[in-house]
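Asks: Sending over a structure as structure tokens; questions will come in a sec.
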Amino acid sequence: MSSGEKYVAAAYGVFLLVVLVWVAILAAKLSRLERETGELARLAGSRPTGDLADG
Amino acid sequence: MPKPSLALLAALAVALGAAAVVMVFFVAPEDVDQGISQKIFYVHVPIALTAYAGFGLGAWKGLRLLMTRNERYDLESYTAVHQGTIFGVLTLVTGAIWAKASWGVWWTWSSNQLVLFLVLFLFYCAYFMLRFSIEPGPRRERISAVYALFGVALIPVSFFAIRLANDFIHPTVFTREGPQMTGTMFTAFCVSWAAITLLAYVMYRAELSGKRTDANLRALREALAS
């Protein structure tokens with residue numbers, strides 16, 4: 001691989017790496033949101049229905 | 001008008017990305033002067049233009065916030081500036097790699113466009129320091145919007161700096177006579193630009209959706225706790 005090819009691979013590799021890191025961060029955030037939504041659903045389910053209707 | 005689905009846009013971005021790779025590496029000819037390292041142009045320039053677009057969108061949403069006082073624009077402005085900053089980092093990194101391949105140095109302070117882009121990038125990095133030093137609420141929304149608007153003035157300065165200063169170090173591809181490249185090179189550039197812009201838009205929408213869900217969950221938690 002020539003030095004020019006190495007630089008091209010590095011530039012495209014950095015871009016791909018950043019996109020993959022962004023996807024990983026988004027996946028982690030989605031997982032957290034899913035967990036928190038589950039907790040809230042359990043919390044809402046454990047309350048008497050009158051509480052929710054009263055706001 | 002309903003917005004197109006995020007999954008469809010993401011699929012389109014991946015398809016355009018694949019087409020761009022084929023165009024750049026198998027269709028567009030190698031540059032006579034720079035050789036293979038010129039291929040960095042097809043990723044570096046679209047990334048830089050996307051960074052400008054992110055900062056510009058952040059400013060536009062900031063202006064909308066100041067005009068309407070609608071708090072939804074605050075999150076949209078913040079997300080757009082965040083996208084602009086991510087692409088700003090990528091612009092600086094891919095630019096440094098291209099500079100090393102072409103000029104033999106990672107960075108040169110004598111190029112006005114490089115320095116002005118760095119100033120623009122640092123200006124928007126400071127946006128986050130300012131934003132997170134203020135308590136959430138209307139005051140933070142307004143101050144963040146005004147700051148994002150001020151920054152947008154640097155975009156044309158950064159973009160046109162090379163033309164105004166007759167900078168011979170950084171290449172000028174788009175001149176008054178049109179793009180200084182062959183037809184297939186220009187097509188490859190356009191496909192690459194479209195792919196990266198669409199990818200950035202998908203990232204913007206996905207991040208915004210996550211932040212809105214986060215805010216809604218927080219409000220719901222507070223309502224349930226009271």
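Chain lettering (A, B, ...) mirrors the order of the structure tokens, residue numbering begins at 1 for each chain separately, and ligand numbering begins at 1 in order of display.
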Tell me which protein, DNA and RNA residues are within 10 Å of Glu36 in chain A, counting only C-alpha atoms, leaving out same-chain ones fewer than 3 positions away, and put them as JSON, numbers by chain.

Replies: {"A": [30, 31, 32, 33, 39, 40, 41, 42], "B": [214, 217, 218, 221]}

Asks: If we count only C-alpha atoms, which residues of chain B reach to within 8 Å of chain A? Please list them as a CSV table (one decimal) with all heavy atoms, in the first residue's frame.

Replies:
chain,number,residue,atom,x,y,z
B,35,GLY,N,-2.7,12.6,-7.5
B,35,GLY,CA,-2.8,11.1,-7.5
B,35,GLY,C,-3.9,10.6,-6.6
B,35,GLY,O,-4.9,11.3,-6.5
B,36,ILE,N,-3.7,9.5,-5.9
B,36,ILE,CA,-4.7,8.9,-5.2
B,36,ILE,C,-5.2,9.7,-4.0
B,36,ILE,O,-6.4,9.6,-3.6
B,36,ILE,CB,-4.3,7.5,-4.7
B,36,ILE,CG1,-5.4,6.6,-4.0
B,36,ILE,CG2,-3.1,7.5,-3.7
B,36,ILE,CD1,-6.3,5.9,-5.0
B,37,SER,N,-4.3,10.5,-3.4
B,37,SER,CA,-4.7,11.3,-2.2
B,37,SER,C,-5.8,12.3,-2.5
B,37,SER,O,-6.5,12.8,-1.5
B,37,SER,CB,-3.5,12.0,-1.6
B,37,SER,OG,-2.9,12.9,-2.5
B,39,LYS,N,-8.5,11.6,-3.6
B,39,LYS,CA,-9.8,11.0,-3.3
B,39,LYS,C,-10.4,11.5,-2.0
B,39,LYS,O,-11.5,11.3,-1.7
B,39,LYS,CB,-9.6,9.5,-3.3
B,39,LYS,CG,-9.1,8.8,-4.5
B,39,LYS,CD,-10.2,8.6,-5.6
B,39,LYS,CE,-9.6,8.0,-6.8
B,39,LYS,NZ,-10.5,8.0,-8.0
B,40,ILE,N,-9.5,12.0,-1.1
B,40,ILE,CA,-9.9,12.5,0.2
B,40,ILE,C,-10.9,13.7,0.0
B,40,ILE,O,-11.8,13.9,0.8
B,40,ILE,CB,-8.7,12.9,1.1
B,40,ILE,CG1,-7.8,11.7,1.3
B,40,ILE,CG2,-9.1,13.6,2.4
B,40,ILE,CD1,-6.5,12.0,2.0
B,43,VAL,N,-14.6,13.1,0.4
B,43,VAL,CA,-15.2,13.0,1.7
B,43,VAL,C,-15.0,14.3,2.6
B,43,VAL,O,-15.9,14.7,3.3
B,43,VAL,CB,-14.7,11.7,2.5
B,43,VAL,CG1,-13.2,11.9,2.9
B,43,VAL,CG2,-15.5,11.4,3.7
B,90,LEU,N,-14.8,16.2,12.2
B,90,LEU,CA,-14.4,15.4,11.0
B,90,LEU,C,-13.7,16.2,9.9
B,90,LEU,O,-12.8,15.7,9.2
B,90,LEU,CB,-15.7,14.7,10.4
B,90,LEU,CG,-16.1,13.4,11.1
B,90,LEU,CD1,-17.5,13.0,10.7
B,90,LEU,CD2,-15.1,12.3,10.8
B,93,VAL,N,-10.2,16.8,11.0
B,93,VAL,CA,-9.3,15.5,11.0
B,93,VAL,C,-9.0,15.1,9.6
B,93,VAL,O,-7.9,14.9,9.2
B,93,VAL,CB,-10.0,14.4,11.8
B,93,VAL,CG1,-9.2,13.1,11.6
B,93,VAL,CG2,-10.1,14.8,13.3
B,94,THR,N,-10.1,15.0,8.7
B,94,THR,CA,-9.9,14.6,7.3
B,94,THR,C,-9.0,15.7,6.6
B,94,THR,O,-8.2,15.3,5.7
B,94,THR,CB,-11.2,14.4,6.6
B,94,THR,OG1,-12.0,15.6,6.6
B,94,THR,CG2,-12.0,13.2,7.1
B,97,ILE,N,-5.4,15.1,7.5
B,97,ILE,CA,-4.9,13.9,6.8
B,97,ILE,C,-4.6,14.3,5.3
B,97,ILE,O,-3.5,14.0,4.8
B,97,ILE,CB,-5.9,12.8,6.9
B,97,ILE,CG1,-6.0,12.3,8.3
B,97,ILE,CG2,-5.4,11.6,6.0
B,97,ILE,CD1,-7.1,11.3,8.6
B,98,TRP,N,-5.5,15.0,4.7
B,98,TRP,CA,-5.2,15.5,3.3
B,98,TRP,C,-4.0,16.4,3.2
B,98,TRP,O,-3.2,16.4,2.3
B,98,TRP,CB,-6.5,16.1,2.8
B,98,TRP,CG,-6.6,16.2,1.3
B,98,TRP,CD1,-5.7,15.6,0.4
B,98,TRP,CD2,-7.5,17.0,0.5
B,98,TRP,NE1,-6.1,16.0,-0.9
B,98,TRP,CE2,-7.2,16.8,-0.9
B,98,TRP,CE3,-8.6,17.8,0.8
B,98,TRP,CZ2,-7.9,17.4,-1.9
B,98,TRP,CZ3,-9.3,18.4,-0.2
B,98,TRP,CH2,-8.9,18.2,-1.5
B,101,ALA,N,-0.9,14.5,3.4
B,101,ALA,CA,-0.7,13.8,2.1
B,101,ALA,C,-0.2,14.7,1.0
B,101,ALA,O,0.6,14.3,0.2
B,101,ALA,CB,-2.0,13.0,1.7
B,207,GLU,N,-31.2,11.9,16.5
B,207,GLU,CA,-30.8,12.5,17.7
B,207,GLU,C,-31.9,13.4,18.3
B,207,GLU,O,-32.1,13.3,19.6
B,207,GLU,CB,-29.5,13.3,17.5
B,207,GLU,CG,-28.9,13.8,18.8
B,207,GLU,CD,-27.6,14.6,18.6
B,207,GLU,OE1,-26.9,14.3,17.6
B,207,GLU,OE2,-27.3,15.4,19.4
B,210,GLY,N,-34.5,11.2,19.9
B,210,GLY,CA,-34.0,10.7,21.2
B,210,GLY,C,-34.1,11.7,22.3
B,210,GLY,O,-34.6,11.4,23.4
B,213,THR,N,-37.8,12.3,23.3
B,213,THR,CA,-38.3,11.2,24.1
B,213,THR,C,-37.8,11.3,25.5
B,213,THR,O,-38.5,11.1,26.5
B,213,THR,CB,-37.9,9.9,23.5
B,213,THR,OG1,-38.3,9.9,22.1
B,213,THR,CG2,-38.6,8.7,24.1
B,214,ASP,N,-36.5,11.7,25.6
B,214,ASP,CA,-35.9,11.9,26.9
B,214,ASP,C,-36.6,13.0,27.7
B,214,ASP,O,-36.9,12.8,28.9
B,214,ASP,CB,-34.4,12.3,26.7
B,214,ASP,CG,-33.5,11.8,27.8
B,214,ASP,OD1,-33.9,11.0,28.6
B,214,ASP,OD2,-32.4,12.3,27.8
B,217,LEU,N,-40.1,11.8,28.8
B,217,LEU,CA,-40.0,10.8,29.9
B,217,LEU,C,-39.7,11.5,31.2
B,217,LEU,O,-40.3,11.1,32.2
B,217,LEU,CB,-38.8,9.8,29.6
B,217,LEU,CG,-39.2,8.6,28.8
B,217,LEU,CD1,-37.9,7.7,28.6
B,217,LEU,CD2,-40.2,7.7,29.5
B,220,LEU,N,-42.9,13.0,32.3
B,220,LEU,CA,-43.8,12.0,32.8
B,220,LEU,C,-43.4,11.5,34.2
B,220,LEU,O,-44.3,11.3,35.0
B,220,LEU,CB,-43.8,10.8,31.8
B,220,LEU,CG,-44.8,9.7,31.9
B,220,LEU,CD1,-46.2,10.3,31.8
B,220,LEU,CD2,-44.6,8.7,30.8
B,221,ARG,N,-42.1,11.3,34.4
B,221,ARG,CA,-41.6,10.9,35.7
B,221,ARG,C,-42.0,11.9,36.8
B,221,ARG,O,-42.4,11.5,37.9
B,221,ARG,CB,-40.1,10.7,35.6
B,221,ARG,CG,-39.5,9.9,36.8
B,221,ARG,CD,-38.0,9.7,36.7
B,221,ARG,NE,-37.6,9.1,35.4
B,221,ARG,CZ,-36.8,9.7,34.6
B,221,ARG,NH1,-36.3,10.9,34.7
B,221,ARG,NH2,-36.4,9.0,33.5
B,223,ALA,N,-44.5,14.0,36.7
B,223,ALA,CA,-45.9,14.0,36.9
B,223,ALA,C,-46.3,12.8,37.7
B,223,ALA,O,-47.2,12.9,38.6
B,223,ALA,CB,-46.6,13.9,35.5
B,224,LEU,N,-45.7,11.6,37.5
B,224,LEU,CA,-46.0,10.4,38.3
B,224,LEU,C,-45.5,10.6,39.7
B,224,LEU,O,-46.1,10.0,40.7
B,224,LEU,CB,-45.4,9.2,37.7
B,224,LEU,CG,-46.1,8.6,36.5
B,224,LEU,CD1,-45.3,7.6,35.8
B,224,LEU,CD2,-47.4,8.0,36.9

Asks: Quote the spacing between CA of Phe160 in chain B and CA of Ala80 in chain B in Å to one decimal place.

Replies: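 One can read the CA of Phe160 in chain B to CA of Ala80 in chain B distance as 22.3 Å.
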
Asks: Which one is closest to Lys211 in chain B: B:Val115, B:Ser158, B:Leu75, B:Ile86? Count only C-alpha atoms.

Replies: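 Ranking B:Val115, B:Ser158, B:Leu75, B:Ile86 by distance to Lys211 in chain B, first place goes to B:Leu75.
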
Asks: Enter the distance from CA of Ala24 in chain A to CA of Val45 in chain B, in Å, rounded to one decimal.

Replies: 25.3 Å

Asks: Hey, what does DSSP flag as strand (DSSP E or B) within range 6-226 of chain B? Can you give it to me as a PyMOL selection string?

Replies: chain B and resi 31+35+174-175+178-179

Asks: What is the distance between CA of Lys100 in chain B and CA of Leu114 in chain B, in Å to one decimal?

Replies: 13.6 Å

Asks: If you run DSSP on this backbone, which residues of range 112-142 of chain B come out as alpha helix (DSSP H), and could you give them as a list in words?

Replies: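 Restricting range 112-142 of chain B to alpha helix (DSSP H) produces Asn112, Gln113, Leu114, Val115, Leu116, Phe117, Leu118, Val119, Leu120, Phe121, Leu122, Phe123, Tyr124, Cys125, Ala126, Tyr127, Phe128, Met129, Leu130, Arg131, Pro138, Arg139, Arg140, Glu141 and Arg142 of chain B.
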
Asks: Write the residues you've just listed into a file as a compact mmCIF listing (two decimals), in the first residue's frame, and include N, CA, C and O atoms for each of them.

Replies:
# COMPACT_ATOMS: atom_id res chain seq x y z
N ASN B 112 -5.64 30.89 5.43
CA ASN B 112 -6.74 31.61 6.08
C ASN B 112 -7.97 30.75 6.25
O ASN B 112 -8.68 30.85 7.26
N GLN B 113 -8.26 29.90 5.26
CA GLN B 113 -9.47 29.09 5.34
C GLN B 113 -9.39 28.09 6.51
O GLN B 113 -10.36 27.88 7.22
N LEU B 114 -8.22 27.50 6.71
CA LEU B 114 -8.04 26.55 7.80
C LEU B 114 -8.23 27.24 9.15
O LEU B 114 -8.95 26.75 10.02
N VAL B 115 -7.58 28.38 9.30
CA VAL B 115 -7.63 29.10 10.57
C VAL B 115 -9.06 29.59 10.85
O VAL B 115 -9.56 29.45 11.97
N LEU B 116 -9.72 30.11 9.81
CA LEU B 116 -11.09 30.61 10.01
C LEU B 116 -12.06 29.47 10.32
O LEU B 116 -13.00 29.65 11.10
N PHE B 117 -11.83 28.32 9.71
CA PHE B 117 -12.70 27.18 10.04
C PHE B 117 -12.48 26.76 11.49
O PHE B 117 -13.43 26.43 12.21
N LEU B 118 -11.22 26.79 11.92
CA LEU B 118 -10.91 26.45 13.32
C LEU B 118 -11.59 27.43 14.28
O LEU B 118 -12.14 27.03 15.31
N VAL B 119 -11.57 28.72 13.92
CA VAL B 119 -12.22 29.75 14.75
C VAL B 119 -13.72 29.47 14.83
O VAL B 119 -14.32 29.50 15.91
N LEU B 120 -14.33 29.16 13.67
CA LEU B 120 -15.76 28.85 13.62
C LEU B 120 -16.07 27.63 14.50
O LEU B 120 -17.04 27.63 15.28
N PHE B 121 -15.24 26.61 14.39
CA PHE B 121 -15.43 25.37 15.15
C PHE B 121 -15.32 25.66 16.66
O PHE B 121 -16.17 25.22 17.45
N LEU B 122 -14.29 26.39 17.05
CA LEU B 122 -14.09 26.70 18.48
C LEU B 122 -15.23 27.57 19.01
O LEU B 122 -15.64 27.43 20.16
N PHE B 123 -15.73 28.48 18.15
CA PHE B 123 -16.86 29.33 18.54
C PHE B 123 -18.05 28.46 18.92
O PHE B 123 -18.71 28.67 19.93
N TYR B 124 -18.32 27.44 18.09
CA TYR B 124 -19.47 26.57 18.37
C TYR B 124 -19.18 25.57 19.49
O TYR B 124 -20.11 25.08 20.13
N CYS B 125 -17.91 25.26 19.75
CA CYS B 125 -17.57 24.43 20.93
C CYS B 125 -17.94 25.21 22.20
O CYS B 125 -18.46 24.64 23.17
N ALA B 126 -17.68 26.52 22.15
CA ALA B 126 -18.00 27.37 23.31
C ALA B 126 -19.51 27.46 23.53
O ALA B 126 -19.96 27.75 24.65
N TYR B 127 -20.29 27.22 22.48
CA TYR B 127 -21.76 27.23 22.59
C TYR B 127 -22.20 26.26 23.68
O TYR B 127 -23.08 26.57 24.49
N PHE B 128 -21.55 25.07 23.71
CA PHE B 128 -21.95 24.04 24.68
C PHE B 128 -21.58 24.46 26.10
O PHE B 128 -22.33 24.20 27.04
N MET B 129 -20.41 25.10 26.24
CA MET B 129 -19.99 25.59 27.56
C MET B 129 -20.98 26.64 28.06
O MET B 129 -21.38 26.63 29.22
N LEU B 130 -21.38 27.54 27.16
CA LEU B 130 -22.34 28.58 27.53
C LEU B 130 -23.68 27.96 27.90
O LEU B 130 -24.25 28.25 28.96
N ARG B 131 -24.16 27.07 27.06
CA ARG B 131 -25.48 26.46 27.25
C ARG B 131 -25.58 25.72 28.58
O ARG B 131 -26.55 25.86 29.31
N PRO B 138 -36.36 29.39 29.83
CA PRO B 138 -36.44 30.36 28.73
C PRO B 138 -35.18 31.21 28.56
O PRO B 138 -34.80 31.55 27.43
N ARG B 139 -34.51 31.54 29.68
CA ARG B 139 -33.30 32.38 29.60
C ARG B 139 -32.21 31.64 28.82
O ARG B 139 -31.56 32.20 27.94
N ARG B 140 -32.00 30.36 29.15
CA ARG B 140 -30.99 29.55 28.45
C ARG B 140 -31.35 29.41 26.98
O ARG B 140 -30.47 29.49 26.12
N GLU B 141 -32.63 29.21 26.70
CA GLU B 141 -33.07 29.06 25.31
C GLU B 141 -32.74 30.31 24.50
O GLU B 141 -32.22 30.22 23.38
N ARG B 142 -33.03 31.47 25.07
CA ARG B 142 -32.81 32.73 24.34
C ARG B 142 -31.32 33.01 24.13
O ARG B 142 -30.88 33.37 23.04
